[in-house]
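Undergrad: The following file, model-v4.cif, comprises mmCIF, C-alpha atoms:
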data_final
loop_
_atom_site.label_atom_id
_atom_site.label_comp_id
_atom_site.auth_asym_id
_atom_site.auth_seq_id
_atom_site.Cartn_x
_atom_site.Cartn_y
_atom_site.Cartn_z
CA ILE A 1 45.52 -1.07 0.02
CA ASP A 2 45.90 -4.59 -1.40
CA ASP A 3 45.78 -3.98 -5.16
CA ILE A 4 45.01 -7.61 -6.02
CA ARG A 5 42.09 -7.64 -3.59
CA MET A 6 40.45 -4.50 -4.94
CA ILE A 7 40.86 -5.58 -8.56
CA ASP A 8 39.15 -8.91 -7.79
CA LEU A 9 36.00 -6.94 -6.91
CA ALA A 10 35.82 -4.90 -10.12
CA GLY A 11 32.54 -5.31 -11.97
CA GLU A 12 28.87 -4.39 -12.11
CA TYR A 13 26.51 -5.27 -9.27
CA SER A 14 22.76 -5.12 -8.78
CA VAL A 15 21.82 -3.17 -5.64
CA TRP A 16 19.52 -4.56 -2.93
CA TYR A 17 18.50 -2.49 0.11
CA GLN A 18 16.57 -4.36 2.80
CA GLY A 19 15.89 -7.13 0.30
CA GLY A 20 14.48 -4.86 -2.40
CA GLN A 21 16.28 -4.25 -5.70
CA ARG A 22 17.04 -0.69 -6.77
CA SER A 23 16.98 0.43 -10.39
CA THR A 24 20.59 1.70 -10.55
CA ASN A 25 23.48 -0.74 -10.44
CA MET A 26 26.79 -0.34 -8.63
CA ILE A 27 29.98 -0.10 -10.69
CA ILE A 28 33.31 -0.97 -9.08
CA GLY A 29 36.28 -0.03 -11.24
CA CYS A 30 39.80 -1.34 -11.59
CA ASP A 31 40.89 1.95 -10.00
CA ASN A 32 39.01 1.10 -6.79
CA SER A 33 36.16 3.51 -7.59
CA ALA A 34 32.65 2.65 -6.43
CA SER A 35 29.63 4.42 -7.89
CA GLN A 36 25.94 4.27 -8.54
CA PRO A 37 25.78 6.57 -11.57
CA GLY A 38 23.84 9.73 -10.88
CA ILE A 39 23.60 8.93 -7.15
CA PHE A 40 27.10 8.84 -5.63
CA THR A 41 30.75 8.22 -6.41
CA ASP A 42 33.34 7.15 -3.87
CA SER A 43 35.92 4.38 -3.46
CA LEU A 44 36.25 1.09 -1.68
CA HIS A 45 38.12 1.84 1.56
CA PHE A 46 40.11 -1.02 3.08
CA ASP A 47 42.11 0.86 5.73
CA ASN A 48 40.99 1.50 9.33
CA VAL A 49 37.72 -0.37 8.78
CA LYS A 50 37.34 -1.29 12.46
CA ALA A 51 37.53 2.38 13.44
CA LYS A 52 34.71 3.27 11.05
CA CYS A 53 32.57 0.16 11.47
CA THR A 54 32.29 -0.29 15.23
CA GLN A 55 28.93 -2.06 15.58
CA GLY A 56 28.74 -5.75 16.42
CA ARG A 57 26.73 -6.46 13.26
CA ASP A 58 29.80 -5.34 11.28
CA SER A 59 32.29 -7.70 12.88
CA GLU A 60 33.01 -9.24 9.46
CA ALA A 61 33.39 -5.91 7.66
CA THR A 62 36.58 -5.45 5.63
CA ILE A 63 35.45 -2.52 3.43
CA TYR A 64 33.52 0.70 3.79
CA ILE A 65 32.11 3.24 1.31
CA LEU A 66 31.38 6.87 2.20
CA ASN A 67 28.55 9.26 1.28
CA THR A 68 26.31 6.54 -0.12
CA HIS A 69 23.05 8.25 -1.05
CA GLY A 70 23.95 11.40 0.89
CA THR A 71 26.52 13.24 2.99
CA SER A 72 27.52 11.39 6.19
CA LYS A 73 25.88 8.17 5.05
CA TYR A 74 28.13 5.14 4.72
CA GLU A 75 28.19 1.37 4.37
CA CYS A 76 30.21 -1.29 6.16
CA LEU A 77 30.74 -4.28 3.91
CA TYR A 78 32.22 -7.74 3.60
CA VAL A 79 32.58 -10.17 0.69
CA SER A 80 30.59 -13.40 0.60
CA GLY A 81 31.25 -15.36 -2.58
CA THR A 82 30.43 -13.02 -5.46
CA THR A 83 28.20 -10.79 -3.30
CA ILE A 84 29.25 -7.79 -1.20
CA LYS A 85 27.05 -7.55 1.90
CA GLY A 86 26.71 -5.32 4.91
CA SER A 87 25.01 -2.45 6.67
CA HIS A 88 23.84 0.98 5.52
CA TYR A 89 24.10 3.90 7.97
CA THR A 90 22.49 7.34 7.67
CA GLY A 91 25.02 8.83 10.11
CA PRO A 92 27.55 7.72 12.74
CA ASN A 93 26.24 4.39 14.06
CA ALA A 94 22.73 5.25 12.81
CA TYR A 95 21.80 1.87 11.33
CA TRP A 96 19.22 1.96 8.52
CA GLY A 97 19.22 -1.58 7.14
CA THR A 98 20.95 -4.21 5.08
CA ILE A 99 22.70 -3.72 1.74
CA GLU A 100 23.75 -6.34 -0.80
CA TYR A 101 25.65 -5.83 -4.04
CA ARG A 102 25.09 -8.92 -6.19
CA LEU A 103 27.50 -9.53 -9.06
CA VAL A 104 26.02 -9.10 -12.53
CA SER A 105 29.21 -9.02 -14.62
CA LYS A 106 32.85 -9.15 -13.58
CA THR A 107 35.58 -6.89 -14.96
CA THR A 108 38.91 -8.67 -15.31
CA CYS A 109 41.76 -6.25 -14.74
CA VAL A 110 45.43 -6.81 -15.44
CA ILE A 111 47.57 -4.76 -13.07
CA PRO A 112 49.74 -2.38 -15.14
CA TYR A 113 52.93 -3.21 -13.24
CA GLU A 114 54.71 -6.23 -11.83
CA LEU A 115 57.05 -6.73 -8.92
CA VAL A 116 60.40 -7.77 -10.37
CA GLY A 117 62.88 -7.51 -7.49
CA HIS A 118 63.80 -6.71 -3.91
CA ASP A 119 66.63 -4.93 -2.08
CA LYS A 120 67.77 -2.94 -5.11
CA CYS A 121 66.71 0.45 -6.49
CA ALA A 122 66.14 0.84 -10.22
CA GLY A 123 67.79 3.95 -11.62
CA PRO A 124 68.76 6.52 -12.61
CA GLU A 125 66.60 7.48 -9.64
CA LEU A 126 64.20 10.33 -8.98
CA TRP A 127 62.34 10.41 -5.68
CA SER A 128 58.97 11.92 -4.87
CA GLN A 129 60.32 14.88 -2.89
CA ASN A 130 61.79 16.10 -6.18
CA PHE A 131 58.79 15.36 -8.41
CA GLY A 132 57.65 18.45 -10.27
CA THR A 133 54.08 17.30 -9.68
CA ASN A 134 54.56 17.08 -5.90
CA PRO A 135 52.05 19.46 -4.24
CA ASN A 136 54.54 19.90 -1.35
CA PRO A 137 57.96 20.25 -3.02
CA GLY A 138 60.82 18.90 -0.95
CA GLN A 139 58.57 16.64 1.11
CA GLN A 140 58.33 12.92 0.50
CA MET A 141 54.99 11.71 -0.82
CA LEU A 142 54.59 8.99 1.79
CA GLY A 143 51.97 6.28 2.03
CA LEU A 144 50.90 6.18 -1.60
CA GLY A 145 51.11 2.40 -1.79
CA VAL A 146 51.90 0.54 -4.99
CA GLN A 147 48.95 1.83 -7.01
CA GLY A 148 49.39 5.40 -5.79
CA CYS A 149 53.12 5.38 -6.56
CA TYR A 150 52.41 4.01 -10.03
CA GLU A 151 49.93 6.81 -10.68
CA ALA A 152 52.39 9.41 -9.37
CA ILE A 153 55.26 8.28 -11.59
CA MET A 154 53.01 8.10 -14.64
CA ALA A 155 52.08 11.76 -14.07
CA GLN A 156 55.71 12.85 -13.60
CA PRO A 157 57.34 14.00 -16.90
CA GLU A 158 60.88 13.22 -15.75
CA CYS A 159 60.05 9.59 -15.02
CA SER A 160 60.72 7.20 -17.90
CA LYS A 161 57.60 5.25 -16.91
CA ASP A 162 59.22 1.85 -17.12
CA TYR A 163 60.39 1.15 -13.53
CA PHE A 164 59.52 2.53 -10.11
CA ASN A 165 60.70 1.99 -6.53
CA LEU A 166 58.77 1.52 -3.30
CA PRO A 167 60.97 1.29 -0.18
CA SER A 168 59.90 0.27 3.30
CA ASP A 169 59.61 3.93 4.41
CA ASN A 170 56.69 4.26 1.92
CA ASN A 171 58.38 6.89 -0.23
CA CYS A 172 57.97 6.62 -4.00
CA GLY A 173 60.62 6.86 -6.68
CA CYS A 174 61.02 6.26 -10.38
CA LYS A 175 63.64 5.54 -12.99
CA THR A 176 64.49 8.47 -15.22
CA ALA A 177 65.80 8.49 -18.80
CA GLY A 178 68.97 6.52 -19.48
CA ALA A 179 70.28 3.00 -19.24
CA LEU A 180 68.80 0.93 -16.44
CA THR A 181 71.04 0.76 -13.38
CA PHE A 182 70.73 -0.86 -9.97
CA ARG A 183 72.20 -0.16 -6.55
CA GLU A 184 71.89 -2.00 -3.27
CA CYS A 185 68.81 -0.62 -1.57
CA GLY A 186 67.69 -2.58 1.49
CA ASN A 187 63.98 -3.26 1.93
CA ASN A 188 63.11 -1.71 -1.43
CA LYS A 189 60.76 -3.27 -3.94
CA TYR A 190 61.08 -2.29 -7.57
CA TYR A 191 58.37 -2.70 -10.18
CA LYS A 192 58.26 -2.82 -13.95
CA VAL A 193 55.46 -0.98 -15.75
CA LYS A 194 53.52 -2.94 -18.33
CA GLU A 195 50.55 -2.12 -20.52
CA LEU A 196 47.19 -2.10 -18.79
CA SER A 197 44.69 -4.50 -20.30
CA VAL A 198 41.12 -4.47 -19.09
CA LYS A 199 38.31 -6.55 -20.49
CA ALA A 200 34.79 -7.16 -19.36
CA ALA A 201 33.88 -10.78 -18.80
CA TYR A 202 30.17 -11.60 -18.87
CA SER A 203 29.20 -13.69 -15.89
CA GLY A 204 25.55 -14.49 -16.32
CA GLY A 205 22.05 -13.10 -15.91
CA ARG A 206 22.30 -9.36 -16.45
CA THR A 207 19.47 -7.54 -14.72
CA ARG A 208 18.96 -3.81 -14.54
CA GLY A 209 16.11 -2.57 -12.42
CA ARG A 210 13.21 -4.83 -11.63
#
In structure tokens, how does this file's structure come out?
TA:
Amino acid sequence: IDDIRMIDLAGEYSVWYQGGQRSTNMIIGCDNSASQPGIFTDSLHFDNVKAKCTQGRDSEATIYILNTHGTSKYECLYVSGTTIKGSHYTGPNAYWGTIEYRLVSKTTCVIPYELVGHDKCAGPELWSQNFGTNPNPGQQMLGLGVQGCYEAIMAQPECSKDYFNLPSDNNCGCKTAGALTFRECGNNKYYKVKELSVKAAYSGGRTRGR
């Protein structure tokens, strides 16, 4: 997942199915969550979109959301300006109609970490296979991505929560207590944790319902 991309979409959106506005707005969070309160909660999915959204009408789709308004329903979506547009399906390839999420107010998110270096590992090191919070002890927690690794190290008591490592094999590691050290570590990226700051920025005509 591209963390910058998902954070750019955070905000509140009015919901329009087949050109008609619904009474409940969509909320997209800085954590990639997507919900219509009281109706469904899921996430924006950016991976393997072409495998999920196979119809010609979805050739521009870069996002999908699952279980929208019911089990097995889903939406294939793309971004056009400040609007998220696409198709609503009631089941696999069972097209129902159009969907538009029109921006009402944008949430500006500051990512709680920053990339500070390459090809070195920040230590003293602890890697995911040794995390006490690892559901499969001894196995690497692969494929978490930057945001997932950040969340994992913040939940791990032994991590000092100031630096973490993300190598090219998609493992996840953190710095533990003690003076900051570095070692040569090819194809690794290391990140510094900073305070998360989120503020809502009003962006014009707020409309709930009709």
Undergrad: Using the chain letters and numbers from the file, give me the residues hit by the PyMOL selection byres ((chain A and resi 9-24) around 6), as a short mmCIF file (atom, residue, chain, number, x, y, z; two decimals) with C-alpha atoms, keeping the file's coordinate frame.
TA:
data_model
loop_
_atom_site.label_atom_id
_atom_site.label_comp_id
_atom_site.auth_asym_id
_atom_site.auth_seq_id
_atom_site.Cartn_x
_atom_site.Cartn_y
_atom_site.Cartn_z
CA MET A 6 40.45 -4.50 -4.94
CA ILE A 7 40.86 -5.58 -8.56
CA ASP A 8 39.15 -8.91 -7.79
CA ASN A 25 23.48 -0.74 -10.44
CA MET A 26 26.79 -0.34 -8.63
CA ILE A 27 29.98 -0.10 -10.69
CA ILE A 28 33.31 -0.97 -9.08
CA GLY A 29 36.28 -0.03 -11.24
CA CYS A 30 39.80 -1.34 -11.59
CA GLY A 97 19.22 -1.58 7.14
CA THR A 98 20.95 -4.21 5.08
CA ILE A 99 22.70 -3.72 1.74
CA GLU A 100 23.75 -6.34 -0.80
CA TYR A 101 25.65 -5.83 -4.04
CA ARG A 102 25.09 -8.92 -6.19
CA LEU A 103 27.50 -9.53 -9.06
CA VAL A 104 26.02 -9.10 -12.53
CA SER A 105 29.21 -9.02 -14.62
CA LYS A 106 32.85 -9.15 -13.58
CA THR A 107 35.58 -6.89 -14.96
CA GLY A 209 16.11 -2.57 -12.42
#
Undergrad: Any chance you could work out the residue set of the PyMOL selection byres ((chain A and resi 78-91) around 8) here, as an mmCIF file with C-alpha atoms, in the coordinates of the input?
TA:
data_model
loop_
_atom_site.group_PDB
_atom_site.id
_atom_site.type_symbol
_atom_site.label_atom_id
_atom_site.label_comp_id
_atom_site.auth_asym_id
_atom_site.auth_seq_id
_atom_site.Cartn_x
_atom_site.Cartn_y
_atom_site.Cartn_z
ATOM 1 C CA ARG A 57 26.730 -6.460 13.260
ATOM 2 C CA ASP A 58 29.800 -5.340 11.280
ATOM 3 C CA GLU A 60 33.010 -9.240 9.460
ATOM 4 C CA ALA A 61 33.390 -5.910 7.660
ATOM 5 C CA THR A 62 36.580 -5.450 5.630
ATOM 6 C CA ILE A 63 35.450 -2.520 3.430
ATOM 7 C CA SER A 72 27.520 11.390 6.190
ATOM 8 C CA LYS A 73 25.880 8.170 5.050
ATOM 9 C CA TYR A 74 28.130 5.140 4.720
ATOM 10 C CA GLU A 75 28.190 1.370 4.370
ATOM 11 C CA CYS A 76 30.210 -1.290 6.160
ATOM 12 C CA LEU A 77 30.740 -4.280 3.910
ATOM 13 C CA PRO A 92 27.550 7.720 12.740
ATOM 14 C CA ASN A 93 26.240 4.390 14.060
ATOM 15 C CA ALA A 94 22.730 5.250 12.810
ATOM 16 C CA TYR A 95 21.800 1.870 11.330
ATOM 17 C CA TRP A 96 19.220 1.960 8.520
ATOM 18 C CA GLY A 97 19.220 -1.580 7.140
ATOM 19 C CA THR A 98 20.950 -4.210 5.080
ATOM 20 C CA ILE A 99 22.700 -3.720 1.740
ATOM 21 C CA GLU A 100 23.750 -6.340 -0.800
ATOM 22 C CA TYR A 101 25.650 -5.830 -4.040
ATOM 23 C CA ARG A 102 25.090 -8.920 -6.190
ATOM 24 C CA LEU A 103 27.500 -9.530 -9.060
#
Undergrad: Would you work out the distance separating CA of Gln55 in chain A from CA of Phe40 in chain A, expressed in Å to one decimal?
TA: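 Between CA of Gln55 in chain A and CA of Phe40 in chain A the gap works out to 23.9 Å.
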Undergrad: Have a look at CA of Gly145 in chain A and CA of Thr54 in chain A and let me know their distance in Å, one decimal.
TA: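 Atom-to-atom, CA of Gly145 in chain A and CA of Thr54 in chain A are spaced 25.5 Å apart.
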Undergrad: Run through the PyMOL selection byres ((chain A and resi 141) around 10) on the given coordinates and return the selected residues as a list in words.
TA: Trp127, Ser128, Gln129, Asn130, Phe131, Asn134, Pro135, Asn136, Pro137, Gly138, Gln139, Gln140, Leu142, Gly143, Leu144, Gly148, Cys149, Ala152, Asn170, Asn171, Cys172 and Gly173 of chain A
Undergrad: Measuring between all atoms listed in the file, which one of A:Thr176, A:Thr71, A:Thr108, A:Ser168 shows the shortest distance to Asn188 in chain A?
TA: A:Ser168
Undergrad: With only C-alpha atoms as the atoms that count, which of A:Gly123, A:Gly70, A:Gly56, A:Gly117 lies nearest to Ala179 in chain A?
TA: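 Smallest distance to Ala179 in chain A is found for A:Gly123.
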Undergrad: Looking at A:Asp119, A:Gln147, A:Thr133, A:Leu126, which one is nearest to Phe182 in chain A, with distances taken over only C-alpha atoms?
TA: A:Asp119
Undergrad: Taking into account only C-alpha atoms, which residue in the set A:Lys52, A:Lys120, A:His45, A:His69 is nearest to Thr181 in chain A?
TA: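 With only C-alpha atoms as the atom set, the closest residue is A:Lys120.
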Undergrad: Generate the missing atoms of range 15-28 of chain A up to N, CA and C atoms and report them as a PDB file, in the frame of the given file.
TA:
ATOM      1  N   VAL A  15      21.843  -3.794  -6.963  1.00  0.00           N
ATOM      2  CA  VAL A  15      21.820  -3.170  -5.640  1.00  0.00           C
ATOM      3  C   VAL A  15      20.525  -3.557  -4.918  1.00  0.00           C
ATOM      4  N   TRP A  16      20.673  -4.075  -3.697  1.00  0.00           N
ATOM      5  CA  TRP A  16      19.520  -4.560  -2.930  1.00  0.00           C
ATOM      6  C   TRP A  16      19.575  -3.959  -1.524  1.00  0.00           C
ATOM      7  N   TYR A  17      18.634  -3.061  -1.227  1.00  0.00           N
ATOM      8  CA  TYR A  17      18.500  -2.490   0.110  1.00  0.00           C
ATOM      9  C   TYR A  17      17.333  -3.140   0.822  1.00  0.00           C
ATOM     10  N   GLN A  18      17.589  -3.680   1.999  1.00  0.00           N
ATOM     11  CA  GLN A  18      16.570  -4.360   2.800  1.00  0.00           C
ATOM     12  C   GLN A  18      15.782  -5.374   1.968  1.00  0.00           C
ATOM     13  N   GLY A  19      16.494  -6.078   1.100  1.00  0.00           N
ATOM     14  CA  GLY A  19      15.890  -7.130   0.300  1.00  0.00           C
ATOM     15  C   GLY A  19      15.192  -6.684  -0.956  1.00  0.00           C
ATOM     16  N   GLY A  20      15.135  -5.372  -1.206  1.00  0.00           N
ATOM     17  CA  GLY A  20      14.480  -4.860  -2.400  1.00  0.00           C
ATOM     18  C   GLY A  20      15.494  -4.326  -3.400  1.00  0.00           C
ATOM     19  N   GLN A  21      15.330  -4.676  -4.682  1.00  0.00           N
ATOM     20  CA  GLN A  21      16.280  -4.250  -5.700  1.00  0.00           C
ATOM     21  C   GLN A  21      16.033  -2.817  -6.127  1.00  0.00           C
ATOM     22  N   ARG A  22      17.106  -2.056  -6.256  1.00  0.00           N
ATOM     23  CA  ARG A  22      17.040  -0.690  -6.770  1.00  0.00           C
ATOM     24  C   ARG A  22      17.281  -0.702  -8.279  1.00  0.00           C
ATOM     25  N   SER A  23      16.935   0.385  -8.920  1.00  0.00           N
ATOM     26  CA  SER A  23      16.980   0.430 -10.390  1.00  0.00           C
ATOM     27  C   SER A  23      18.359   0.781 -10.943  1.00  0.00           C
ATOM     28  N   THR A  24      19.248   1.300 -10.101  1.00  0.00           N
ATOM     29  CA  THR A  24      20.590   1.700 -10.550  1.00  0.00           C
ATOM     30  C   THR A  24      21.629   0.755  -9.995  1.00  0.00           C
ATOM     31  N   ASN A  25      22.461   0.200 -10.863  1.00  0.00           N
ATOM     32  CA  ASN A  25      23.480  -0.740 -10.440  1.00  0.00           C
ATOM     33  C   ASN A  25      24.707  -0.043  -9.884  1.00  0.00           C
ATOM     34  N   MET A  26      25.506  -0.804  -9.156  1.00  0.00           N
ATOM     35  CA  MET A  26      26.790  -0.340  -8.630  1.00  0.00           C
ATOM     36  C   MET A  26      27.894  -0.745  -9.589  1.00  0.00           C
ATOM     37  N   ILE A  27      28.817   0.175  -9.858  1.00  0.00           N
ATOM     38  CA  ILE A  27      29.980  -0.100 -10.690  1.00  0.00           C
ATOM     39  C   ILE A  27      31.228   0.033  -9.835  1.00  0.00           C
ATOM     40  N   ILE A  28      32.012  -1.019  -9.744  1.00  0.00           N
ATOM     41  CA  ILE A  28      33.310  -0.970  -9.080  1.00  0.00           C
ATOM     42  C   ILE A  28      34.380  -1.076 -10.153  1.00  0.00           C
TER      43      ILE A  28
END
